[in-house]
Amino acid sequence: MAFKEAELPFPSPSLSPTRWWSKDTVAIVTGSNKGIGFALVKRLAQMGVSVVLTARDMKRGSKAVEALRSQGLLLVHFFCLDVSDPASITTFVSWFSLHFPALDILVNNAGVSFKEIHENSVEHAETVMKTNFYGAKLLTEALLPMFRRSSQYSSRILNITSRLGSINKVRNRVIKEMLEREDVRVEEIEGMVSKFLEDVKSGRWESEGWPALWTDYAVSKLALNTYSRVLAKRYRGRGLSVNCFCPGFTQTSMTRGKGTHSADEAAEFGANLALLPPQHLPTGNFFLMGSTTPTTNTTTNNNNLISIFNSKL
Ligand SMILES: NC(=O)c1ccc[n+]([C@@H]2O[C@H](COP(=O)([O-])OP(=O)(O)OC[C@H]3O[C@@H](n4cnc5c(N)ncnc54)[C@H](OP(=O)(O)O)[C@@H]3O)[C@@H](O)[C@H]2O)c1
């Protein structure tokens with residue numbers, strides 16, 4: 001990712017005179033029983049989109065969906081989905097294809113870190129990869145045939161990633177060069193993940209030039225960012241856009257409630273990206289939410305000024 005930040009040049013879809021979506025527009029958000037995923041489902045449903053809230057735990061998911069329906073958000077549906085379990089993905093996709101004619105928006109949000117903020121354990125590296133990278137990848141691949149192919153507007157994938165997974169965090173020259181290549185292949189990304197897991201097993205992970213902060217989490221997001229770039233290239237001009245969104249330091253369970261802004265605020269930006277008007281919808285972009293100086297694209301929160309930045313993946 002050539003990480004040149006710039007102000008988002010696109011209008012908010014809620015301000016757009018062309019509302020391209022309707023209640024027949026269908027979105028799936030993974031890991032949405034709490035945190036940013038829950039807030040995204042709420043925001044998309046408030047905007048009038050039909051949303052499938054998914055959660056790996058039936059009780060937590062049902063409770064979340066009830067909370068939204070009790071607020072009058074009746075366009076919210078629910079099905080269990082553990083993205084780290086391929087059998088669960090298969091069951092979910094079968095259910096989805098029986099109940100919905102097509103998919104317009106997929107938000108791969110489910111994620112784990114298993115860490116306190118200033119910690120860097122790799123004890124759960126395998127689960128982190130299975131959830132944050134392979135979960136998003138396998139679900140995306142299983143849902144690809146379901147995306148609506150419309151001549152009027154593009155279907156969308158929004159992967160919730162992190163700036164910790166930017167290429168500039170990698171210190172291993174060989175891996176960095178591989179990731180920067182225009183023609184990097186999915187097999188090479190998977191090879192990188194396997195090498196990282198081998199380095200973890202052999203105890204070499206600290207000396208091999210992997211990102212220094214939240215290392216396993218960063219590698220999983222690095223893999224997801226690069227996979228998104230490959231997918232965006234593959235589907236460019238073919239009715240499917242693929243972008244990444246880093247919500248910045250957000251107050252959720254993952255950060256033990258710390259952060260510069262709330263999950264609702266992150267979700268407002270995320271939903272705006274997912275609903276960008278067709279003529280302003282890019283592909284292969286990385287959007288970053290973060291503190292900044294005042295501009296026309298800012299909102300205020302507890303004296304912080306939050307803005308969104310945009311670069312190519
Ligand atoms: N918060 C931040 O500062 C921040 C910054 C950058 C990126 N992000 C990304 O934003 C996304 C959402 O994180 P969050 O901050 O909202 O964290 P969160 O509050 O911990 O929510 C994570 C969600 O993912 C679900 N999940 C975990 N493993 C799953 C699996 N195998 N299958 C399905 N769902 C699973 C969790 O379900 P359970 O309740 O069952 O655990 C939960 O609903 C993640 O991808 C994260 O990496 C967050």
# chains A, B, ... in the order shown; residues from 1 in each chain; ligands from 1
>>> closest_atom_pairs(of="segment 93-131 of chain A", to="segment 145-162 of chain A", cutoff="7 Å", atoms="only C-alpha atoms", output="tab-separated table")
residue	atom	partner	partner_atom	distance
A:Ala102	CA	A:Met146	CA	5.2
A:Leu103	CA	A:Phe147	CA	4.6
A:Asp104	CA	A:Ser155	CA	4.7
A:Ile105	CA	A:Arg156	CA	4.8
A:Leu106	CA	A:Ile157	CA	4.8
A:Val107	CA	A:Leu158	CA	4.8
A:Asn108	CA	A:Asn159	CA	4.8
A:Asn109	CA	A:Ile160	CA	5.1
>>> write_last_selection(atoms="N, CA and C atoms", output="short mmCIF file (atom, residue, chain, number, x, y, z; two decimals), in the first residue's frame")
data_model
loop_
_atom_site.label_atom_id
_atom_site.label_comp_id
_atom_site.auth_asym_id
_atom_site.auth_seq_id
_atom_site.Cartn_x
_atom_site.Cartn_y
_atom_site.Cartn_z
N ALA A 102 -30.07 -11.94 -3.75
CA ALA A 102 -28.71 -11.49 -4.11
C ALA A 102 -28.12 -10.69 -2.96
N LEU A 103 -26.83 -10.45 -3.07
CA LEU A 103 -26.11 -9.68 -2.05
C LEU A 103 -25.55 -8.40 -2.68
N ASP A 104 -25.73 -7.28 -1.98
CA ASP A 104 -25.21 -6.00 -2.49
C ASP A 104 -23.97 -5.54 -1.75
N ILE A 105 -23.95 -5.77 -0.43
CA ILE A 105 -22.86 -5.23 0.40
C ILE A 105 -22.38 -6.30 1.38
N LEU A 106 -21.08 -6.57 1.38
CA LEU A 106 -20.51 -7.48 2.40
C LEU A 106 -19.50 -6.68 3.22
N VAL A 107 -19.72 -6.65 4.53
CA VAL A 107 -18.75 -6.00 5.41
C VAL A 107 -18.07 -7.09 6.24
N ASN A 108 -16.81 -7.36 5.93
CA ASN A 108 -16.02 -8.32 6.71
C ASN A 108 -15.46 -7.58 7.92
N ASN A 109 -16.18 -7.70 9.03
CA ASN A 109 -15.82 -6.93 10.23
C ASN A 109 -15.28 -7.80 11.36
#
>>> residues_near_ligand(ligand="ligand 1", cutoff="7 Å", atoms="only C-alpha atoms and all ligand atoms", output="JSON, numbers by chain")
{"A": [30, 31, 32, 33, 34, 35, 36, 37, 55, 56, 57, 60, 81, 82, 83, 84, 109, 110, 111, 112, 131, 132, 160, 161, 162, 246, 247, 248, 249, 250, 251, 252, 253, 254, 255, 259, 263]}
>>> write_last_selection(atoms="N, CA and C atoms", output="mmCIF file, in the first residue's frame")
data_model
loop_
_atom_site.group_PDB
_atom_site.id
_atom_site.type_symbol
_atom_site.label_atom_id
_atom_site.label_comp_id
_atom_site.auth_asym_id
_atom_site.auth_seq_id
_atom_site.Cartn_x
_atom_site.Cartn_y
_atom_site.Cartn_z
ATOM 1 N N THR A 30 -20.307 -9.161 9.313
ATOM 2 C CA THR A 30 -19.848 -10.264 10.171
ATOM 3 C C THR A 30 -19.440 -9.728 11.542
ATOM 4 N N GLY A 31 -19.511 -10.607 12.538
ATOM 5 C CA GLY A 31 -19.109 -10.231 13.904
ATOM 6 C C GLY A 31 -19.846 -9.003 14.387
ATOM 7 N N SER A 32 -21.208 -9.047 14.264
ATOM 8 C CA SER A 32 -21.926 -7.796 14.516
ATOM 9 C C SER A 32 -22.826 -7.842 15.752
ATOM 10 N N ASN A 33 -22.528 -8.716 16.694
ATOM 11 C CA ASN A 33 -23.311 -8.701 17.938
ATOM 12 C C ASN A 33 -22.878 -7.581 18.876
ATOM 13 N N LYS A 34 -21.699 -6.990 18.619
ATOM 14 C CA LYS A 34 -21.250 -5.871 19.462
ATOM 15 C C LYS A 34 -20.253 -5.015 18.674
ATOM 16 N N GLY A 35 -19.781 -3.962 19.344
ATOM 17 C CA GLY A 35 -18.703 -3.142 18.779
ATOM 18 C C GLY A 35 -19.068 -2.463 17.463
ATOM 19 N N ILE A 36 -18.057 -2.318 16.610
ATOM 20 C CA ILE A 36 -18.228 -1.590 15.347
ATOM 21 C C ILE A 36 -19.219 -2.311 14.429
ATOM 22 N N GLY A 37 -19.198 -3.660 14.453
ATOM 23 C CA GLY A 37 -20.110 -4.433 13.601
ATOM 24 C C GLY A 37 -21.559 -4.167 13.958
ATOM 25 N N ALA A 55 -23.401 -13.473 14.005
ATOM 26 C CA ALA A 55 -22.605 -13.607 15.227
ATOM 27 C C ALA A 55 -22.261 -15.070 15.406
ATOM 28 N N ARG A 56 -21.118 -15.339 16.026
ATOM 29 C CA ARG A 56 -20.739 -16.755 16.193
ATOM 30 C C ARG A 56 -21.527 -17.411 17.317
ATOM 31 N N ASP A 57 -22.103 -16.598 18.190
ATOM 32 C CA ASP A 57 -22.837 -17.121 19.333
ATOM 33 C C ASP A 57 -24.327 -16.783 19.189
ATOM 34 N N ARG A 60 -25.781 -14.331 21.941
ATOM 35 C CA ARG A 60 -25.313 -12.944 21.820
ATOM 36 C C ARG A 60 -25.899 -12.284 20.561
ATOM 37 N N LEU A 81 -22.921 -17.204 12.448
ATOM 38 C CA LEU A 81 -21.778 -17.384 11.545
ATOM 39 C C LEU A 81 -20.478 -17.218 12.324
ATOM 40 N N ASP A 82 -19.727 -18.334 12.376
ATOM 41 C CA ASP A 82 -18.379 -18.281 12.939
ATOM 42 C C ASP A 82 -17.428 -18.264 11.747
ATOM 43 N N VAL A 83 -16.819 -17.120 11.481
ATOM 44 C CA VAL A 83 -16.026 -17.001 10.248
ATOM 45 C C VAL A 83 -14.757 -17.856 10.284
ATOM 46 N N SER A 84 -14.362 -18.298 11.476
ATOM 47 C CA SER A 84 -13.141 -19.117 11.554
ATOM 48 C C SER A 84 -13.426 -20.597 11.298
ATOM 49 N N ASN A 109 -16.181 -7.698 9.029
ATOM 50 C CA ASN A 109 -15.820 -6.927 10.227
ATOM 51 C C ASN A 109 -15.276 -7.796 11.363
ATOM 52 N N ALA A 110 -15.706 -9.065 11.431
ATOM 53 C CA ALA A 110 -15.333 -9.922 12.568
ATOM 54 C C ALA A 110 -13.820 -9.925 12.759
ATOM 55 N N GLY A 111 -13.391 -9.763 14.005
ATOM 56 C CA GLY A 111 -11.946 -9.740 14.245
ATOM 57 C C GLY A 111 -11.624 -10.027 15.700
ATOM 58 N N VAL A 112 -10.415 -10.525 15.909
ATOM 59 C CA VAL A 112 -9.926 -10.800 17.268
ATOM 60 C C VAL A 112 -8.492 -10.283 17.390
ATOM 61 N N THR A 131 -9.324 -16.132 11.821
ATOM 62 C CA THR A 131 -10.479 -15.238 11.942
ATOM 63 C C THR A 131 -10.321 -14.009 11.045
ATOM 64 N N ASN A 132 -9.225 -13.275 11.250
ATOM 65 C CA ASN A 132 -9.098 -11.953 10.621
ATOM 66 C C ASN A 132 -8.776 -12.035 9.128
ATOM 67 N N ILE A 160 -12.961 -4.487 7.048
ATOM 68 C CA ILE A 160 -12.539 -3.652 8.183
ATOM 69 C C ILE A 160 -11.140 -4.116 8.579
ATOM 70 N N THR A 161 -10.174 -3.283 8.254
ATOM 71 C CA THR A 161 -8.784 -3.674 8.493
ATOM 72 C C THR A 161 -8.154 -2.696 9.476
ATOM 73 N N SER A 162 -6.846 -2.555 9.391
ATOM 74 C CA SER A 162 -6.173 -1.677 10.343
ATOM 75 C C SER A 162 -4.910 -1.112 9.713
ATOM 76 N N CYS A 246 -10.050 1.348 7.901
ATOM 77 C CA CYS A 246 -9.511 1.267 9.258
ATOM 78 C C CYS A 246 -10.272 2.284 10.097
ATOM 79 N N PRO A 247 -11.022 1.806 11.099
ATOM 80 C CA PRO A 247 -11.843 2.739 11.890
ATOM 81 C C PRO A 247 -11.036 3.580 12.864
ATOM 82 N N GLY A 248 -9.727 3.397 12.922
ATOM 83 C CA GLY A 248 -8.924 4.146 13.901
ATOM 84 C C GLY A 248 -9.137 3.596 15.300
ATOM 85 N N PHE A 249 -8.607 4.308 16.268
ATOM 86 C CA PHE A 249 -8.619 3.846 17.661
ATOM 87 C C PHE A 249 -10.037 4.053 18.236
ATOM 88 N N THR A 250 -10.812 2.973 18.251
ATOM 89 C CA THR A 250 -12.246 3.061 18.550
ATOM 90 C C THR A 250 -12.570 2.386 19.881
ATOM 91 N N GLN A 251 -13.473 3.002 20.639
ATOM 92 C CA GLN A 251 -13.836 2.474 21.970
ATOM 93 C C GLN A 251 -14.717 1.230 21.846
ATOM 94 N N THR A 252 -14.080 0.049 21.914
ATOM 95 C CA THR A 252 -14.822 -1.223 21.878
ATOM 96 C C THR A 252 -14.158 -2.200 22.854
ATOM 97 N N SER A 253 -14.680 -3.437 22.905
ATOM 98 C CA SER A 253 -14.044 -4.438 23.793
ATOM 99 C C SER A 253 -12.606 -4.705 23.362
ATOM 100 N N MET A 254 -12.340 -4.604 22.057
ATOM 101 C CA MET A 254 -10.985 -4.894 21.572
ATOM 102 C C MET A 254 -9.956 -3.951 22.189
ATOM 103 N N THR A 255 -10.360 -2.719 22.463
ATOM 104 C CA THR A 255 -9.432 -1.732 23.047
ATOM 105 C C THR A 255 -9.725 -1.517 24.534
ATOM 106 N N GLY A 259 -10.080 4.722 23.327
ATOM 107 C CA GLY A 259 -10.127 5.125 21.924
ATOM 108 C C GLY A 259 -10.450 6.594 21.798
ATOM 109 N N ALA A 263 -17.896 3.554 18.752
ATOM 110 C CA ALA A 263 -18.215 2.620 17.662
ATOM 111 C C ALA A 263 -19.265 3.234 16.734
#
>>> select_by_dssp(residues="segment 112-205 of chain A", states="strand (DSSP E)", output="ChimeraX atom specification")
/A:155-160
>>> atom_distance(atom1="atom CA of Val29 of chain A", atom2="atom CA of Pro282 of chain A")
20.1 Å
>>> closest_residue(among="A:Ala218, A:Ile308, A:Leu273, A:Met129", to="Arg163 of chain A", atoms="only C-alpha atoms")
A:Ala218
>>> closest_residue(among="A:Leu222, A:Leu197, A:Leu164, A:Leu73", to="Lys176 of chain A", atoms="only C-alpha atoms")
A:Leu222
>>> residues_around(residues="Asn225 of chain A", least_positions_apart="2", cutoff="7 Å", atoms="only C-alpha atoms", output="VMD selection string")
chain A and resid 161 221 to 223 227 to 229 244 313
>>> residues_around(residues="Arg234 of chain A", least_positions_apart="6", cutoff="12 Å", atoms="only C-alpha atoms", output="list of chain:residue names")
A:Glu182, A:Asp183, A:Val184, A:Arg185, A:Val186, A:Tyr227, A:Ser228, A:Leu240, A:Ser241, A:Val242, A:Thr283, A:Gly284
>>> atom_distance(atom1="atom CA of Phe78 of chain A", atom2="atom CA of Thr54 of chain A")
5.8 Å
>>> atom_distance(atom1="atom CA of Leu288 of chain A", atom2="atom CA of Glu177 of chain A")
23.2 Å
>>> select_by_dssp(residues="segment 24-188 of chain A", states="helix (DSSP H, G or I)", output="ChimeraX atom specification")
/A:35-46,58-69,86-99,125-146,163-165,167-169,173-180,186-188
>>> write_last_selection(atoms="C-alpha atoms", output="PDB file, in the first residue's frame")
ATOM      1  CA  GLY A  35     -18.703  -3.142  18.779  1.00  0.00           C
ATOM      2  CA  ILE A  36     -18.228  -1.590  15.347  1.00  0.00           C
ATOM      3  CA  GLY A  37     -20.110  -4.433  13.601  1.00  0.00           C
ATOM      4  CA  PHE A  38     -23.225  -3.907  15.722  1.00  0.00           C
ATOM      5  CA  ALA A  39     -23.062  -0.150  15.138  1.00  0.00           C
ATOM      6  CA  LEU A  40     -22.664  -0.738  11.387  1.00  0.00           C
ATOM      7  CA  VAL A  41     -25.759  -2.940  11.245  1.00  0.00           C
ATOM      8  CA  LYS A  42     -27.695  -0.270  13.150  1.00  0.00           C
ATOM      9  CA  ARG A  43     -26.514   2.534  10.853  1.00  0.00           C
ATOM     10  CA  LEU A  44     -27.166   0.608   7.623  1.00  0.00           C
ATOM     11  CA  ALA A  45     -30.646  -0.390   8.844  1.00  0.00           C
ATOM     12  CA  GLN A  46     -31.359   3.240   9.814  1.00  0.00           C
ATOM     13  CA  MET A  58     -26.596 -17.666  18.968  1.00  0.00           C
ATOM     14  CA  LYS A  59     -27.486 -16.028  22.305  1.00  0.00           C
ATOM     15  CA  ARG A  60     -25.313 -12.944  21.820  1.00  0.00           C
ATOM     16  CA  GLY A  61     -26.548 -12.551  18.228  1.00  0.00           C
ATOM     17  CA  SER A  62     -30.242 -12.937  19.127  1.00  0.00           C
ATOM     18  CA  LYS A  63     -29.894 -10.402  21.922  1.00  0.00           C
ATOM     19  CA  ALA A  64     -28.248  -7.917  19.552  1.00  0.00           C
ATOM     20  CA  VAL A  65     -30.921  -8.325  16.902  1.00  0.00           C
ATOM     21  CA  GLU A  66     -33.691  -7.934  19.486  1.00  0.00           C
ATOM     22  CA  ALA A  67     -32.100  -4.701  20.712  1.00  0.00           C
ATOM     23  CA  LEU A  68     -32.211  -3.296  17.170  1.00  0.00           C
ATOM     24  CA  ARG A  69     -35.741  -4.511  16.399  1.00  0.00           C
ATOM     25  CA  PRO A  86     -15.451 -23.291   7.156  1.00  0.00           C
ATOM     26  CA  ALA A  87     -18.485 -25.511   7.957  1.00  0.00           C
ATOM     27  CA  SER A  88     -20.242 -22.544   9.553  1.00  0.00           C
ATOM     28  CA  ILE A  89     -19.508 -20.465   6.427  1.00  0.00           C
ATOM     29  CA  THR A  90     -21.040 -23.181   4.217  1.00  0.00           C
ATOM     30  CA  THR A  91     -24.188 -23.387   6.387  1.00  0.00           C
ATOM     31  CA  PHE A  92     -24.530 -19.617   6.431  1.00  0.00           C
ATOM     32  CA  VAL A  93     -24.143 -19.234   2.656  1.00  0.00           C
ATOM     33  CA  SER A  94     -26.759 -21.998   2.039  1.00  0.00           C
ATOM     34  CA  TRP A  95     -29.196 -20.216   4.376  1.00  0.00           C
ATOM     35  CA  PHE A  96     -28.469 -16.870   2.754  1.00  0.00           C
ATOM     36  CA  SER A  97     -29.018 -18.140  -0.782  1.00  0.00           C
ATOM     37  CA  LEU A  98     -32.364 -19.677   0.240  1.00  0.00           C
ATOM     38  CA  HIS A  99     -33.638 -16.455   1.842  1.00  0.00           C
ATOM     39  CA  ALA A 125      -1.571 -16.351  16.294  1.00  0.00           C
ATOM     40  CA  GLU A 126      -3.317 -19.228  14.522  1.00  0.00           C
ATOM     41  CA  THR A 127      -6.807 -18.143  15.630  1.00  0.00           C
ATOM     42  CA  VAL A 128      -5.995 -14.549  14.729  1.00  0.00           C
ATOM     43  CA  MET A 129      -5.092 -15.627  11.155  1.00  0.00           C
ATOM     44  CA  LYS A 130      -8.082 -17.976  10.884  1.00  0.00           C
ATOM     45  CA  THR A 131     -10.479 -15.238  11.942  1.00  0.00           C
ATOM     46  CA  ASN A 132      -9.098 -11.953  10.621  1.00  0.00           C
ATOM     47  CA  PHE A 133      -7.660 -13.143   7.294  1.00  0.00           C
ATOM     48  CA  TYR A 134      -8.949 -16.601   6.343  1.00  0.00           C
ATOM     49  CA  GLY A 135     -12.426 -15.883   7.790  1.00  0.00           C
ATOM     50  CA  ALA A 136     -12.884 -12.856   5.548  1.00  0.00           C
ATOM     51  CA  LYS A 137     -11.290 -14.583   2.548  1.00  0.00           C
ATOM     52  CA  LEU A 138     -13.279 -17.833   2.740  1.00  0.00           C
ATOM     53  CA  LEU A 139     -16.569 -16.044   3.322  1.00  0.00           C
ATOM     54  CA  THR A 140     -15.918 -13.658   0.446  1.00  0.00           C
ATOM     55  CA  GLU A 141     -15.086 -16.540  -1.906  1.00  0.00           C
ATOM     56  CA  ALA A 142     -18.212 -18.457  -0.869  1.00  0.00           C
ATOM     57  CA  LEU A 143     -20.398 -15.384  -1.434  1.00  0.00           C
ATOM     58  CA  LEU A 144     -18.872 -14.206  -4.731  1.00  0.00           C
ATOM     59  CA  PRO A 145     -21.570 -15.900  -6.883  1.00  0.00           C
ATOM     60  CA  MET A 146     -24.275 -14.196  -4.781  1.00  0.00           C
ATOM     61  CA  ARG A 163      -3.337   0.694   9.620  1.00  0.00           C
ATOM     62  CA  LEU A 164      -1.228  -1.665  11.751  1.00  0.00           C
ATOM     63  CA  GLY A 165      -1.364  -3.872   8.656  1.00  0.00           C
ATOM     64  CA  ILE A 167       3.161  -2.458   4.221  1.00  0.00           C
ATOM     65  CA  ASN A 168       5.368   0.232   5.756  1.00  0.00           C
ATOM     66  CA  LYS A 169       5.173  -1.641   9.090  1.00  0.00           C
ATOM     67  CA  ARG A 173      12.805  -6.704   2.814  1.00  0.00           C
ATOM     68  CA  VAL A 174      11.837  -9.842   0.863  1.00  0.00           C
ATOM     69  CA  ILE A 175       8.283  -9.848   2.188  1.00  0.00           C
ATOM     70  CA  LYS A 176       7.943  -6.117   1.699  1.00  0.00           C
ATOM     71  CA  GLU A 177       9.039  -6.363  -1.955  1.00  0.00           C
ATOM     72  CA  MET A 178       6.643  -9.235  -2.558  1.00  0.00           C
ATOM     73  CA  LEU A 179       3.710  -7.289  -1.051  1.00  0.00           C
ATOM     74  CA  GLU A 180       4.547  -4.168  -3.072  1.00  0.00           C
ATOM     75  CA  VAL A 186      -3.186 -14.848  -3.410  1.00  0.00           C
ATOM     76  CA  GLU A 187      -0.919 -17.925  -3.012  1.00  0.00           C
ATOM     77  CA  GLU A 188       1.971 -15.614  -2.102  1.00  0.00           C
TER      78      GLU A 188
END
>>> closest_residue(among="A:Met47, A:Ala27, A:Ile117, A:Arg181", to="Glu268 of chain A", atoms="only C-alpha atoms")
A:Met47
>>> residues_around(residues="Phe196 of chain A", least_positions_apart="5", cutoff="10 Å", atoms="only C-alpha atoms", output="JSON, numbers by chain")
{"A": [125, 126, 129, 190, 191, 201, 202, 204, 205, 208, 210, 215, 216, 219, 220]}
>>> residues_around(residues="Trp20 of chain A", least_positions_apart="2", cutoff="12 Å", atoms="only C-alpha atoms", output="list in words")
Pro13, Ser14, Ser16, Pro17, Thr18, Ser22, Lys23, Asp24, Thr25, Met47, Gly48, Val49, Asp104, Ser150, Gln152, Tyr153, Ser154, Ser155, Ala274, Leu275, Leu276, Pro277, Pro278, Gln279, His280 and Leu281 of chain A
>>> write_last_selection(atoms="N, CA and C atoms", output="tab-separated table (two decimals), in the first residue's frame")
chain	number	residue	atom	x	y	z
A	13	PRO	N	-23.08	9.81	1.32
A	13	PRO	CA	-24.23	9.31	0.56
A	13	PRO	C	-25.54	9.84	1.10
A	14	SER	N	-25.56	10.15	2.43
A	14	SER	CA	-26.81	10.65	3.00
A	14	SER	C	-27.12	12.05	2.47
A	16	SER	N	-26.27	12.84	-0.65
A	16	SER	CA	-26.35	12.70	-2.10
A	16	SER	C	-27.80	12.77	-2.56
A	17	PRO	N	-28.05	13.48	-3.66
A	17	PRO	CA	-29.42	13.50	-4.18
A	17	PRO	C	-29.82	12.15	-4.76
A	18	THR	N	-28.84	11.31	-5.06
A	18	THR	CA	-29.17	9.99	-5.64
A	18	THR	C	-29.01	8.90	-4.60
A	22	SER	N	-32.38	0.65	-1.64
A	22	SER	CA	-33.76	0.57	-1.16
A	22	SER	C	-33.80	-0.55	-0.11
A	23	LYS	N	-34.98	-0.88	0.38
A	23	LYS	CA	-35.07	-1.96	1.37
A	23	LYS	C	-34.76	-3.33	0.73
A	24	ASP	N	-34.73	-3.37	-0.62
A	24	ASP	CA	-34.35	-4.62	-1.30
A	24	ASP	C	-32.83	-4.76	-1.42
A	25	THR	N	-32.12	-3.73	-1.01
A	25	THR	CA	-30.65	-3.79	-1.00
A	25	THR	C	-30.24	-4.59	0.23
A	47	MET	N	-30.43	3.61	7.61
A	47	MET	CA	-30.40	4.22	6.27
A	47	MET	C	-31.38	3.53	5.31
A	48	GLY	N	-32.02	2.43	5.77
A	48	GLY	CA	-33.05	1.78	4.96
A	48	GLY	C	-32.57	0.58	4.16
A	49	VAL	N	-31.44	0.01	4.55
A	49	VAL	CA	-30.92	-1.19	3.88
A	49	VAL	C	-31.36	-2.42	4.69
A	104	ASP	N	-25.73	-7.28	-1.98
A	104	ASP	CA	-25.21	-6.00	-2.49
A	104	ASP	C	-23.97	-5.54	-1.75
A	150	SER	N	-25.37	-5.62	-11.41
A	150	SER	CA	-26.31	-4.67	-11.97
A	150	SER	C	-25.54	-3.73	-12.89
A	152	GLN	N	-26.42	-0.76	-13.32
A	152	GLN	CA	-26.56	0.60	-12.79
A	152	GLN	C	-25.58	0.92	-11.67
A	153	TYR	N	-25.35	-0.07	-10.79
A	153	TYR	CA	-24.43	0.22	-9.69
A	153	TYR	C	-23.65	-1.03	-9.32
A	154	SER	N	-22.58	-0.78	-8.61
A	154	SER	CA	-21.66	-1.85	-8.29
A	154	SER	C	-21.98	-2.45	-6.92
A	155	SER	N	-21.82	-3.77	-6.77
A	155	SER	CA	-21.87	-4.37	-5.44
A	155	SER	C	-20.57	-4.00	-4.73
A	274	ALA	N	-19.72	2.35	2.65
A	274	ALA	CA	-20.42	1.21	2.03
A	274	ALA	C	-21.54	1.68	1.11
A	275	LEU	N	-22.05	2.89	1.35
A	275	LEU	CA	-23.19	3.38	0.58
A	275	LEU	C	-22.82	4.48	-0.40
A	276	LEU	N	-21.53	4.64	-0.67
A	276	LEU	CA	-21.13	5.71	-1.60
A	276	LEU	C	-21.91	5.62	-2.91
A	277	PRO	N	-22.31	6.77	-3.46
A	277	PRO	CA	-23.03	6.75	-4.73
A	277	PRO	C	-22.18	6.08	-5.82
A	278	PRO	N	-22.80	5.33	-6.72
A	278	PRO	CA	-22.05	4.57	-7.73
A	278	PRO	C	-20.99	5.40	-8.45
A	279	GLN	N	-21.32	6.66	-8.77
A	279	GLN	CA	-20.35	7.47	-9.54
A	279	GLN	C	-19.16	7.90	-8.70
A	280	HIS	N	-19.23	7.72	-7.39
A	280	HIS	CA	-18.11	8.11	-6.51
A	280	HIS	C	-17.47	6.91	-5.83
A	281	LEU	N	-17.89	5.71	-6.24
A	281	LEU	CA	-17.39	4.51	-5.56
A	281	LEU	C	-16.06	4.07	-6.16
>>> decode(residues="segment 262-275 of chain A", atoms="N, CA and C atoms", output="tab-separated table (two decimals), in the first residue's frame")
chain	number	residue	atom	x	y	z
A	262	SER	N	-16.28	6.77	19.40
A	262	SER	CA	-17.16	5.64	19.70
A	262	SER	C	-17.35	4.75	18.48
A	263	ALA	N	-17.90	3.55	18.75
A	263	ALA	CA	-18.21	2.62	17.66
A	263	ALA	C	-19.27	3.23	16.73
A	264	ASP	N	-20.21	3.99	17.29
A	264	ASP	CA	-21.24	4.62	16.45
A	264	ASP	C	-20.61	5.60	15.46
A	265	GLU	N	-19.62	6.34	15.95
A	265	GLU	CA	-18.97	7.31	15.05
A	265	GLU	C	-18.19	6.59	13.95
A	266	ALA	N	-17.49	5.52	14.34
A	266	ALA	CA	-16.75	4.74	13.33
A	266	ALA	C	-17.74	4.18	12.31
A	267	ALA	N	-18.88	3.70	12.81
A	267	ALA	CA	-19.87	3.08	11.93
A	267	ALA	C	-20.51	4.08	10.99
A	268	GLU	N	-20.63	5.32	11.43
A	268	GLU	CA	-21.22	6.33	10.55
A	268	GLU	C	-20.33	6.50	9.31
A	269	PHE	N	-19.03	6.59	9.54
A	269	PHE	CA	-18.10	6.71	8.40
A	269	PHE	C	-18.12	5.42	7.57
A	270	GLY	N	-18.11	4.27	8.28
A	270	GLY	CA	-18.08	2.99	7.57
A	270	GLY	C	-19.31	2.81	6.70
A	271	ALA	N	-20.47	3.15	7.24
A	271	ALA	CA	-21.72	3.00	6.47
A	271	ALA	C	-21.71	3.96	5.28
A	272	ASN	N	-21.21	5.18	5.49
A	272	ASN	CA	-21.12	6.13	4.38
A	272	ASN	C	-20.25	5.57	3.25
A	273	LEU	N	-19.16	4.90	3.63
A	273	LEU	CA	-18.30	4.31	2.59
A	273	LEU	C	-19.02	3.19	1.86
A	274	ALA	N	-19.72	2.35	2.65
A	274	ALA	CA	-20.42	1.21	2.03
A	274	ALA	C	-21.54	1.68	1.11
A	275	LEU	N	-22.05	2.89	1.35
A	275	LEU	CA	-23.19	3.38	0.58
A	275	LEU	C	-22.82	4.48	-0.40
